[in-house]
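Q: Have a look at this one.
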Amino acid sequence: MASHSKAAPRNREIRRRDAEPEQLKALLHLHALVDDIVEDGLVHRRNLAEVMHHLLPAVVQAVGAKGIFVASYGEDLVHHVFAEPAELDVLEHEEILTRTSQERRETVVQIFGRDLVVARPLDVAGEWFGAAGLVFEAHEPRPHEHLADLANMMCEELDNYLYAIHVSREKHQVMMELGVALRHRVLGEGLKQAIAVLGRAVPLGRVLLVYVAEEEPGAALHIQLYEQGELKVDTMMDVANHDVETICREGDDYLHDRGYALLERFGFVDAREEVLINGVTKRVVVGKILVTSKSGSFNTYDRELLGTFAGFIRQRVVDFNKEWRHLSGSFRPQDVARLLQSDDYEQKYLQPREEEVAILYVDIAGFTRLSETILRLPSAVAELVEGWSKDAVDLVWKHGGVFDKMVGDCVIALFGPPFYEAAPGERLAAAIRCAVAIREMTRALPQRPQFARLRETGMGVATGVNLAPLFVGTFAPSNNFTGFSSGMNNTARLQGCAIRDEILVMADAITRLPEGAEFQFGTERTAVVKNVAVPLRFRALR
């Protein structure tokens with residue numbers, strides 16, 4: 001778009017030195033007539049068709065014309081041709097509309113049979129938005145130059161009004177396209193398409209987006225940088241890049257007005273336009289959009305579209321947050337980000353299927369005794385469970401696992417989903433390494449000030465690990481990610497056989513560990529458990 005500023009009125013027709021007094025009087029009368037009818041339409045909020053219904057007959061009568069036509073865009077985003085009389089013959093001459101079209105933009109003063117047509121394109125600052133013309137008798141006694149002056153005066157008075165409708169139509173069209181783009185299932189792809197739409201309407205140079213996945217402290221933060229519409233940086237996709245952690249830390253500082261290292265990193269040192277993305281449920285800033293203009297600055301039209309863009313992004317981020325929040329209950333952040341890069345991730349990765357999965361059950365040893373004899377207060381018990389389980393789930397995610405659920409004080413995790421890229425033996429090795437890490441974390445927990453009362457007795461966990469076929473995926477009605485099989489049930493029973501600080505692994509599963517695995521195990525043991533015909537065979541990790 002070249003410009004959105006309104007050109008100054010061109011009143012040179014009124015000032016023509018050779019114009020006769022009667023001609024000047026006619027021009028001034030037409031000026032006032034059109035201005036009054038348009039203003040009345042604005043005051044009473046009439047649509048374009050209603051204004052034309054009042055205007056066209058009045059102009060025909062005022063200038064002594066045979067007919068009149070106006071072709072421009074209405075509020076319905078459609079190009080209309082209004083005429084008085086409605087069956088105006090001149091509109092049968094396609095040449096008139098062709099010569100005044102956006103492509104040719106010619107002024108027409110020509111006789112067509114018994115009609116003299118004086119027509120011209122409607123434009124402001126080089127932007128075409130229609131055409132208008134008057135039709136007189138071919139042998140009209142008045143000079144053609146004066147008739148052209150009348151047509152020009154009418155157009156000069158109409159163009160402000162029609163251009164406002166044109167701009168509103170154009171803005172609405174851009175808004176519609178932005179809405180369609182941001183409905184894309186993959187947020188990153190939707191943003192890319194929306195930036196392209198915005199770039200066609202606004203002179204975008206560089207765009208920096210910083211937003212969080214939720215409105216809570218510590219929520220995942222995402223940063224994208226576009227240059228001339230091309231995506232250059234995306235922390236959601238480039239999770240393996242060692243700079244991402246630093247970039248996100250700088251982004252968090254920028255989002256909360258603590259520093260501007262992120263802007264220095266990406267070279268945003270000159271003039272810029274900043275738009276805030278506010279949260280929906282809380283009065284907090286959940287994102288910022290920083291943009292530069294190729295032309296040096298943005299005008300009012302540009303800023304209105306940037307504000308609309310920010311509004312659309314806010315709603316899209318809200319929708320994105322719902323998905324992120326649901327998935328982040330089971331999957332580590334980098335896996336959530338990867339899932340959300342696929343528009344069919346439910347079908348592709350989460351639909352229930354049978355897979356060989358490593359299963360981890362880990363339970364606080366002697367939890368009942370700790371609760372009743374040491375912690376006692378429900379609030380103290382809750383604080384312990386919350387603190388321990390949070391750290392345990394963090395370790396599950398650190399080792400590439402999926403948090404299935406928590407039953408009482410027992411954390412259940414799966415290794416393999418959602419992408420199943422590691423071999424079954426590697427899945428089992430990851431589960432065992434995670435079990436060791438949770439055991440060490442639990443032993444150290446009493447050293448924290450809030451759990452000092454546990455230092456005398458200490459803390460430990462009882463753990464069961466298995467590798468078994470599992471029917472695993474997202475199941476209704478809660479859409480939680482979990483698994484079902486006898487192997488799952490046997491892992492729970494195996495965990496029940498473990499004493500404090502023991503990590504028991506099914507004997508058959510151990511044979512699947514990759515060659516050279518770093519683990520050592522004790523001798524094989526067996527246990528008869530309820531509702532299982534064959535005793536469990538397992539070994540303890542040394």
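By order of appearance in the structure tokens: chains A, B, ..., then residues from 1 within every chain, and ligands from 1 in the order shown.
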Find the residues near Val59 (chain A): any atom within 10 Å, counting only C-alpha atoms, skip ones fewer than 4 places away on the same chain, and give them as a short mmCIF file (atom, residue, chain, number, x, y, z; two decimals) with N, CA and C atoms, in the first residue's frame.

A:
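around.cif written:
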data_model
loop_
_atom_site.label_atom_id
_atom_site.label_comp_id
_atom_site.auth_asym_id
_atom_site.auth_seq_id
_atom_site.Cartn_x
_atom_site.Cartn_y
_atom_site.Cartn_z
N LEU A 30 -23.01 22.86 -6.28
CA LEU A 30 -22.81 21.39 -6.29
C LEU A 30 -21.93 20.97 -5.12
N LEU A 33 -24.11 21.01 -2.03
CA LEU A 33 -25.13 19.97 -2.09
C LEU A 33 -24.56 18.61 -1.72
N VAL A 34 -23.48 18.22 -2.39
CA VAL A 34 -22.88 16.91 -2.14
C VAL A 34 -22.38 16.82 -0.70
N HIS A 54 -30.17 9.12 -2.02
CA HIS A 54 -30.49 10.53 -1.82
C HIS A 54 -29.65 11.43 -2.73
N LEU A 55 -28.41 11.05 -2.93
CA LEU A 55 -27.47 11.93 -3.61
C LEU A 55 -27.68 12.01 -5.12
N VAL A 63 -27.38 19.80 -11.61
CA VAL A 63 -26.49 20.15 -12.72
C VAL A 63 -27.18 20.04 -14.08
N GLY A 64 -28.46 19.64 -14.08
CA GLY A 64 -29.17 19.51 -15.34
C GLY A 64 -28.65 18.38 -16.20
N ALA A 65 -28.26 17.26 -15.56
CA ALA A 65 -27.70 16.13 -16.30
C ALA A 65 -28.81 15.17 -16.72
N GLY A 67 -28.13 11.87 -16.54
CA GLY A 67 -27.94 10.73 -15.65
C GLY A 67 -26.61 10.84 -14.91
N ILE A 68 -26.38 9.92 -14.01
CA ILE A 68 -25.16 9.90 -13.19
C ILE A 68 -24.87 8.47 -12.78
N GLU A 84 -28.42 6.67 -11.68
CA GLU A 84 -29.69 7.39 -11.71
C GLU A 84 -29.87 7.96 -13.12
N LEU A 134 -20.93 11.86 -15.05
CA LEU A 134 -22.21 12.49 -15.38
C LEU A 134 -22.51 12.25 -16.86
N LEU A 150 -17.89 20.18 -13.46
CA LEU A 150 -18.96 19.68 -12.59
C LEU A 150 -18.68 18.25 -12.14
N MET A 154 -17.97 17.04 -8.26
CA MET A 154 -18.71 15.97 -7.61
C MET A 154 -17.76 14.90 -7.06
#

Q: Applying 9 Å and only C-alpha atoms, which residues near Leu513 (chain A) remain after dropping the ones on its own chain fewer than 5 positions away? List them as a list in words.

A: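 The residues that qualify are Pro424, Gly425, Glu426, Arg427, Leu428 and Ala429 of chain A.
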
Q: Any idea what the distance is between CA of Phe519 (chain A) and CA of Asn466 (chain A)?

A: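 Going from CA of Phe519 (chain A) over to CA of Asn466 (chain A), I get 14.5 Å.
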
Q: Using only C-alpha atoms, determine which residues lie at most 7 Å from Arg353 (chain A), disregarding the query and same-chain residues fewer than 5 positions distant; provide the list as JSON, numbers by chain.

A: {"A": [471, 472, 473]}

Q: Can you tell me which residues surround region 257-272 of chain A at a distance of at most 8 Å, considering only C-alpha atoms, apart from same-chain residues fewer than 5 positions away, and format the answer as a PyMOL selection string?

A: chain A and resi 247+250-251+290-293+296-297

Q: Excluding same-chain residues fewer than 4 positions from Tyr420 (chain A), what lies within 9 Å of it counting only C-alpha atoms, as a count of residues only?

A: 7

Q: Could you list, as a list in words, every residue within 9 Å of Gly188 (chain A), counting only C-alpha atoms and ignoring same-chain residues fewer than 5 positions away?

A: Gln193, Gln224, Asp234, Met236, Met237, Leu340 and Gln341 of chain A

Q: For the selection just defined, write its residues with C-alpha atoms to a file, as an mmCIF file, in the first residue's frame.

A:
data_model
loop_
_atom_site.group_PDB
_atom_site.id
_atom_site.type_symbol
_atom_site.label_atom_id
_atom_site.label_comp_id
_atom_site.auth_asym_id
_atom_site.auth_seq_id
_atom_site.Cartn_x
_atom_site.Cartn_y
_atom_site.Cartn_z
ATOM 1 C CA GLN A 193 0.916 -16.716 7.476
ATOM 2 C CA GLN A 224 10.110 -15.545 17.159
ATOM 3 C CA ASP A 234 11.962 -19.672 16.650
ATOM 4 C CA MET A 236 9.881 -23.383 20.052
ATOM 5 C CA MET A 237 11.330 -25.281 17.111
ATOM 6 C CA LEU A 340 2.208 -28.627 18.661
ATOM 7 C CA GLN A 341 4.292 -28.260 15.507
#

Q: For a test of reading the model, state the distance in Å between CA of Glu421 (chain A) and CA of Ser328 (chain A), rounded to one decimal.

A: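 Distance reported for this atom pair: 19.8 Å.
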
Q: For a test of reading the model, state the distance in Å between CA of Glu92 (chain A) and CA of Glu137 (chain A), rounded to one decimal.

A: 16.3 Å

Q: Need to verify the contact set: region 161-177 of chain A, 8 Å, only C-alpha atoms, exclusion of same-chain residues closer than 5 positions in sequence. Can you return it as a PyMOL selection string?

A: chain A and resi 38+72-77+123-124+129+194+197-198+201+305+308-309

Q: Would you mind exporting the chosen residues as a PDB file, in the first residue's frame, restricted to N, CA and C atoms?

A:
ATOM      1  N   VAL A  38     -23.766  14.030   2.047  1.00  0.00           N
ATOM      2  CA  VAL A  38     -22.813  13.068   2.624  1.00  0.00           C
ATOM      3  C   VAL A  38     -22.756  13.219   4.142  1.00  0.00           C
ATOM      4  N   SER A  72     -18.122   2.032  -6.873  1.00  0.00           N
ATOM      5  CA  SER A  72     -17.139   1.954  -5.784  1.00  0.00           C
ATOM      6  C   SER A  72     -17.491   0.780  -4.879  1.00  0.00           C
ATOM      7  N   TYR A  73     -16.710   0.623  -3.813  1.00  0.00           N
ATOM      8  CA  TYR A  73     -16.904  -0.493  -2.893  1.00  0.00           C
ATOM      9  C   TYR A  73     -17.877  -0.106  -1.788  1.00  0.00           C
ATOM     10  N   GLY A  74     -18.794  -1.017  -1.487  1.00  0.00           N
ATOM     11  CA  GLY A  74     -19.725  -0.811  -0.397  1.00  0.00           C
ATOM     12  C   GLY A  74     -19.250  -1.475   0.875  1.00  0.00           C
ATOM     13  N   GLU A  75     -20.057  -1.347   1.915  1.00  0.00           N
ATOM     14  CA  GLU A  75     -19.700  -1.949   3.196  1.00  0.00           C
ATOM     15  C   GLU A  75     -19.700  -3.468   3.159  1.00  0.00           C
ATOM     16  N   ASP A  76     -20.336  -4.051   2.130  1.00  0.00           N
ATOM     17  CA  ASP A  76     -20.377  -5.506   2.001  1.00  0.00           C
ATOM     18  C   ASP A  76     -19.152  -6.063   1.282  1.00  0.00           C
ATOM     19  N   LEU A  77     -18.140  -5.198   1.055  1.00  0.00           N
ATOM     20  CA  LEU A  77     -16.878  -5.597   0.424  1.00  0.00           C
ATOM     21  C   LEU A  77     -17.031  -5.932  -1.059  1.00  0.00           C
ATOM     22  N   ASP A 123      -9.702   8.331  -6.887  1.00  0.00           N
ATOM     23  CA  ASP A 123      -8.482   7.889  -6.211  1.00  0.00           C
ATOM     24  C   ASP A 123      -8.015   8.959  -5.243  1.00  0.00           C
ATOM     25  N   VAL A 124      -7.233   8.518  -4.280  1.00  0.00           N
ATOM     26  CA  VAL A 124      -6.630   9.413  -3.298  1.00  0.00           C
ATOM     27  C   VAL A 124      -5.176   8.999  -3.153  1.00  0.00           C
ATOM     28  N   PHE A 129     -10.153   3.591  -6.097  1.00  0.00           N
ATOM     29  CA  PHE A 129     -11.223   2.890  -5.388  1.00  0.00           C
ATOM     30  C   PHE A 129     -12.568   3.038  -6.081  1.00  0.00           C
ATOM     31  N   ALA A 194       0.114 -15.094   9.123  1.00  0.00           N
ATOM     32  CA  ALA A 194      -0.430 -13.795   9.533  1.00  0.00           C
ATOM     33  C   ALA A 194       0.575 -12.676   9.280  1.00  0.00           C
ATOM     34  N   VAL A 197       0.325 -11.775   5.691  1.00  0.00           N
ATOM     35  CA  VAL A 197      -0.877 -10.969   5.432  1.00  0.00           C
ATOM     36  C   VAL A 197      -0.636  -9.517   5.867  1.00  0.00           C
ATOM     37  N   LEU A 198      -0.109  -9.360   7.076  1.00  0.00           N
ATOM     38  CA  LEU A 198       0.124  -8.021   7.609  1.00  0.00           C
ATOM     39  C   LEU A 198       1.143  -7.264   6.765  1.00  0.00           C
ATOM     40  N   ALA A 201      -0.169  -5.280   3.880  1.00  0.00           N
ATOM     41  CA  ALA A 201      -0.968  -4.095   4.186  1.00  0.00           C
ATOM     42  C   ALA A 201      -0.190  -3.020   4.925  1.00  0.00           C
ATOM     43  N   LEU A 305      -4.091  -1.645  12.470  1.00  0.00           N
ATOM     44  CA  LEU A 305      -3.942  -3.039  12.054  1.00  0.00           C
ATOM     45  C   LEU A 305      -2.996  -3.798  12.983  1.00  0.00           C
ATOM     46  N   THR A 308      -5.021  -4.702  15.931  1.00  0.00           N
ATOM     47  CA  THR A 308      -5.899  -5.833  15.602  1.00  0.00           C
ATOM     48  C   THR A 308      -5.108  -7.127  15.576  1.00  0.00           C
ATOM     49  N   PHE A 309      -3.928  -7.075  14.978  1.00  0.00           N
ATOM     50  CA  PHE A 309      -3.040  -8.238  14.913  1.00  0.00           C
ATOM     51  C   PHE A 309      -2.733  -8.750  16.320  1.00  0.00           C
TER      52      PHE A 309
END

Q: Quick one: contact table of region 289-366 of chain A to region 474-493 of chain A, 9 Å max, nearest atom pair and distance in Å to one decimal per residue, counting only C-alpha atoms, chain and number order, as a Markdown table?

A:
| residue | atom | partner | partner_atom | distance |
| --- | --- | --- | --- | --- |
| A:His326 | CA | A:Asn480 | CA | 8.6 |
| A:Leu327 | CA | A:Phe481 | CA | 8.7 |
| A:Gly329 | CA | A:Asn480 | CA | 8.8 |
| A:Ser330 | CA | A:Phe481 | CA | 6.9 |
| A:Glu346 | CA | A:Thr474 | CA | 8.2 |
| A:Leu350 | CA | A:Thr474 | CA | 5.6 |
| A:Gln351 | CA | A:Thr474 | CA | 6.0 |
| A:Pro352 | CA | A:Thr474 | CA | 6.0 |
| A:Ile359 | CA | A:Met488 | CA | 7.0 |
| A:Leu360 | CA | A:Thr491 | CA | 7.4 |
| A:Tyr361 | CA | A:Ala492 | CA | 6.3 |

Q: Rank A:Arg537, A:Arg433, A:Arg120, A:Arg439 by their smallest atom-to-atom distance to Glu518 (chain A), using only C-alpha atoms, and report the top residue only.

A: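 Smallest separation from Glu518 (chain A) among the options: A:Arg433.
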
Q: As a PDB file with C-alpha atoms, in the first residue's frame, which residues of region 106-222 of chain A does DSSP assign to strand (DSSP E)?

A:
ATOM      1  CA  VAL A 108     -13.385  10.215 -20.239  1.00  0.00           C
ATOM      2  CA  VAL A 109     -15.069  13.104 -22.107  1.00  0.00           C
ATOM      3  CA  GLN A 110     -16.730  11.410 -25.060  1.00  0.00           C
ATOM      4  CA  ILE A 111     -19.957  11.204 -27.038  1.00  0.00           C
ATOM      5  CA  PHE A 112     -21.656   7.820 -27.225  1.00  0.00           C
ATOM      6  CA  ASP A 115     -25.013  10.791 -24.742  1.00  0.00           C
ATOM      7  CA  LEU A 116     -22.074  12.942 -23.692  1.00  0.00           C
ATOM      8  CA  VAL A 117     -20.235  11.123 -20.912  1.00  0.00           C
ATOM      9  CA  VAL A 118     -17.878  12.935 -18.529  1.00  0.00           C
ATOM     10  CA  ALA A 119     -16.288  10.361 -16.214  1.00  0.00           C
ATOM     11  CA  ARG A 120     -13.117   9.986 -14.165  1.00  0.00           C
ATOM     12  CA  PRO A 121     -11.534   7.496 -11.751  1.00  0.00           C
ATOM     13  CA  LEU A 122     -11.820   7.972  -8.008  1.00  0.00           C
ATOM     14  CA  ASP A 123      -8.482   7.889  -6.211  1.00  0.00           C
ATOM     15  CA  VAL A 124      -6.630   9.413  -3.298  1.00  0.00           C
ATOM     16  CA  GLU A 127      -5.002   4.637  -4.632  1.00  0.00           C
ATOM     17  CA  TRP A 128      -7.888   3.793  -6.936  1.00  0.00           C
ATOM     18  CA  PHE A 129     -11.223   2.890  -5.388  1.00  0.00           C
ATOM     19  CA  GLY A 130     -13.804   3.400  -8.109  1.00  0.00           C
ATOM     20  CA  ALA A 131     -15.126   5.747 -10.817  1.00  0.00           C
ATOM     21  CA  ALA A 132     -17.921   8.266 -11.256  1.00  0.00           C
ATOM     22  CA  GLY A 133     -19.427  10.242 -14.102  1.00  0.00           C
ATOM     23  CA  LEU A 134     -22.210  12.486 -15.385  1.00  0.00           C
ATOM     24  CA  VAL A 135     -24.214  11.934 -18.564  1.00  0.00           C
ATOM     25  CA  PHE A 136     -25.549  14.873 -20.582  1.00  0.00           C
ATOM     26  CA  GLU A 137     -27.329  15.269 -23.897  1.00  0.00           C
ATOM     27  CA  LEU A 204       6.716  -4.230   8.020  1.00  0.00           C
ATOM     28  CA  GLY A 205      10.458  -4.408   8.385  1.00  0.00           C
ATOM     29  CA  ARG A 206      11.303  -6.709  11.294  1.00  0.00           C
ATOM     30  CA  VAL A 207       8.914  -8.335  13.763  1.00  0.00           C
ATOM     31  CA  LEU A 208       9.839  -9.722  17.181  1.00  0.00           C
ATOM     32  CA  LEU A 209       7.239 -11.738  19.112  1.00  0.00           C
ATOM     33  CA  VAL A 210       7.751 -12.652  22.765  1.00  0.00           C
ATOM     34  CA  TYR A 211       4.941 -14.502  24.524  1.00  0.00           C
ATOM     35  CA  VAL A 212       4.387 -17.010  27.302  1.00  0.00           C
ATOM     36  CA  LEU A 221       8.314 -18.578  26.947  1.00  0.00           C
ATOM     37  CA  HIS A 222       8.536 -18.482  23.154  1.00  0.00           C
TER      38      HIS A 222
END

Q: Please extract the residues of region 448-534 of chain A with a backbone DSSP assignment of alpha helix (DSSP H) and present them as JSON, numbers by chain.

A: {"A": [486, 487, 488, 489, 490, 491, 492, 493, 494, 495, 496, 497, 507, 508, 509, 510]}

Q: Write a file of the selected residues as an mmCIF file, in the first residue's frame, keeping N, CA and C atoms.

A:
data_model
loop_
_atom_site.group_PDB
_atom_site.id
_atom_site.type_symbol
_atom_site.label_atom_id
_atom_site.label_comp_id
_atom_site.auth_asym_id
_atom_site.auth_seq_id
_atom_site.Cartn_x
_atom_site.Cartn_y
_atom_site.Cartn_z
ATOM 1 N N SER A 486 -1.388 -56.036 31.294
ATOM 2 C CA SER A 486 -0.991 -56.822 32.468
ATOM 3 C C SER A 486 0.408 -56.425 32.917
ATOM 4 N N GLY A 487 1.259 -56.008 31.950
ATOM 5 C CA GLY A 487 2.607 -55.568 32.303
ATOM 6 C C GLY A 487 2.580 -54.345 33.194
ATOM 7 N N MET A 488 1.617 -53.469 32.954
ATOM 8 C CA MET A 488 1.451 -52.276 33.796
ATOM 9 C C MET A 488 1.070 -52.707 35.214
ATOM 10 N N ASN A 489 0.111 -53.615 35.294
ATOM 11 C CA ASN A 489 -0.347 -54.092 36.607
ATOM 12 C C ASN A 489 0.781 -54.799 37.357
ATOM 13 N N ASN A 490 1.566 -55.596 36.633
ATOM 14 C CA ASN A 490 2.657 -56.328 37.289
ATOM 15 C C ASN A 490 3.748 -55.387 37.788
ATOM 16 N N THR A 491 3.941 -54.265 37.102
ATOM 17 C CA THR A 491 4.932 -53.291 37.572
ATOM 18 C C THR A 491 4.489 -52.697 38.904
ATOM 19 N N ALA A 492 3.188 -52.429 39.029
ATOM 20 C CA ALA A 492 2.671 -51.929 40.303
ATOM 21 C C ALA A 492 2.910 -52.958 41.411
ATOM 22 N N ARG A 493 2.685 -54.243 41.102
ATOM 23 C CA ARG A 493 2.908 -55.292 42.111
ATOM 24 C C ARG A 493 4.389 -55.432 42.428
ATOM 25 N N LEU A 494 5.244 -55.259 41.399
ATOM 26 C CA LEU A 494 6.695 -55.326 41.622
ATOM 27 C C LEU A 494 7.133 -54.214 42.559
ATOM 28 N N GLN A 495 6.609 -53.028 42.368
ATOM 29 C CA GLN A 495 6.966 -51.916 43.242
ATOM 30 C C GLN A 495 6.559 -52.224 44.681
ATOM 31 N N GLY A 496 5.432 -52.923 44.843
ATOM 32 C CA GLY A 496 4.984 -53.298 46.180
ATOM 33 C C GLY A 496 5.906 -54.286 46.863
ATOM 34 N N CYS A 497 6.727 -54.991 46.079
ATOM 35 C CA CYS A 497 7.687 -55.945 46.649
ATOM 36 C C CYS A 497 8.981 -55.273 47.117
ATOM 37 N N ALA A 507 13.107 -59.468 35.541
ATOM 38 C CA ALA A 507 14.232 -60.224 34.988
ATOM 39 C C ALA A 507 14.176 -60.274 33.466
ATOM 40 N N ASP A 508 12.994 -60.497 32.897
ATOM 41 C CA ASP A 508 12.884 -60.552 31.433
ATOM 42 C C ASP A 508 13.240 -59.207 30.804
ATOM 43 N N ALA A 509 12.900 -58.128 31.469
ATOM 44 C CA ALA A 509 13.201 -56.800 30.932
ATOM 45 C C ALA A 509 14.702 -56.557 30.899
ATOM 46 N N ILE A 510 15.422 -57.031 31.929
ATOM 47 C CA ILE A 510 16.865 -56.794 31.992
ATOM 48 C C ILE A 510 17.577 -57.351 30.770
#

Q: Have a look at A:Lys25, A:Trp388, A:Gly126, A:Ala527 and name the one nearest to Gln102 (chain A); count only C-alpha atoms.

A: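 Selected residue with least distance to Gln102 (chain A): A:Gly126.
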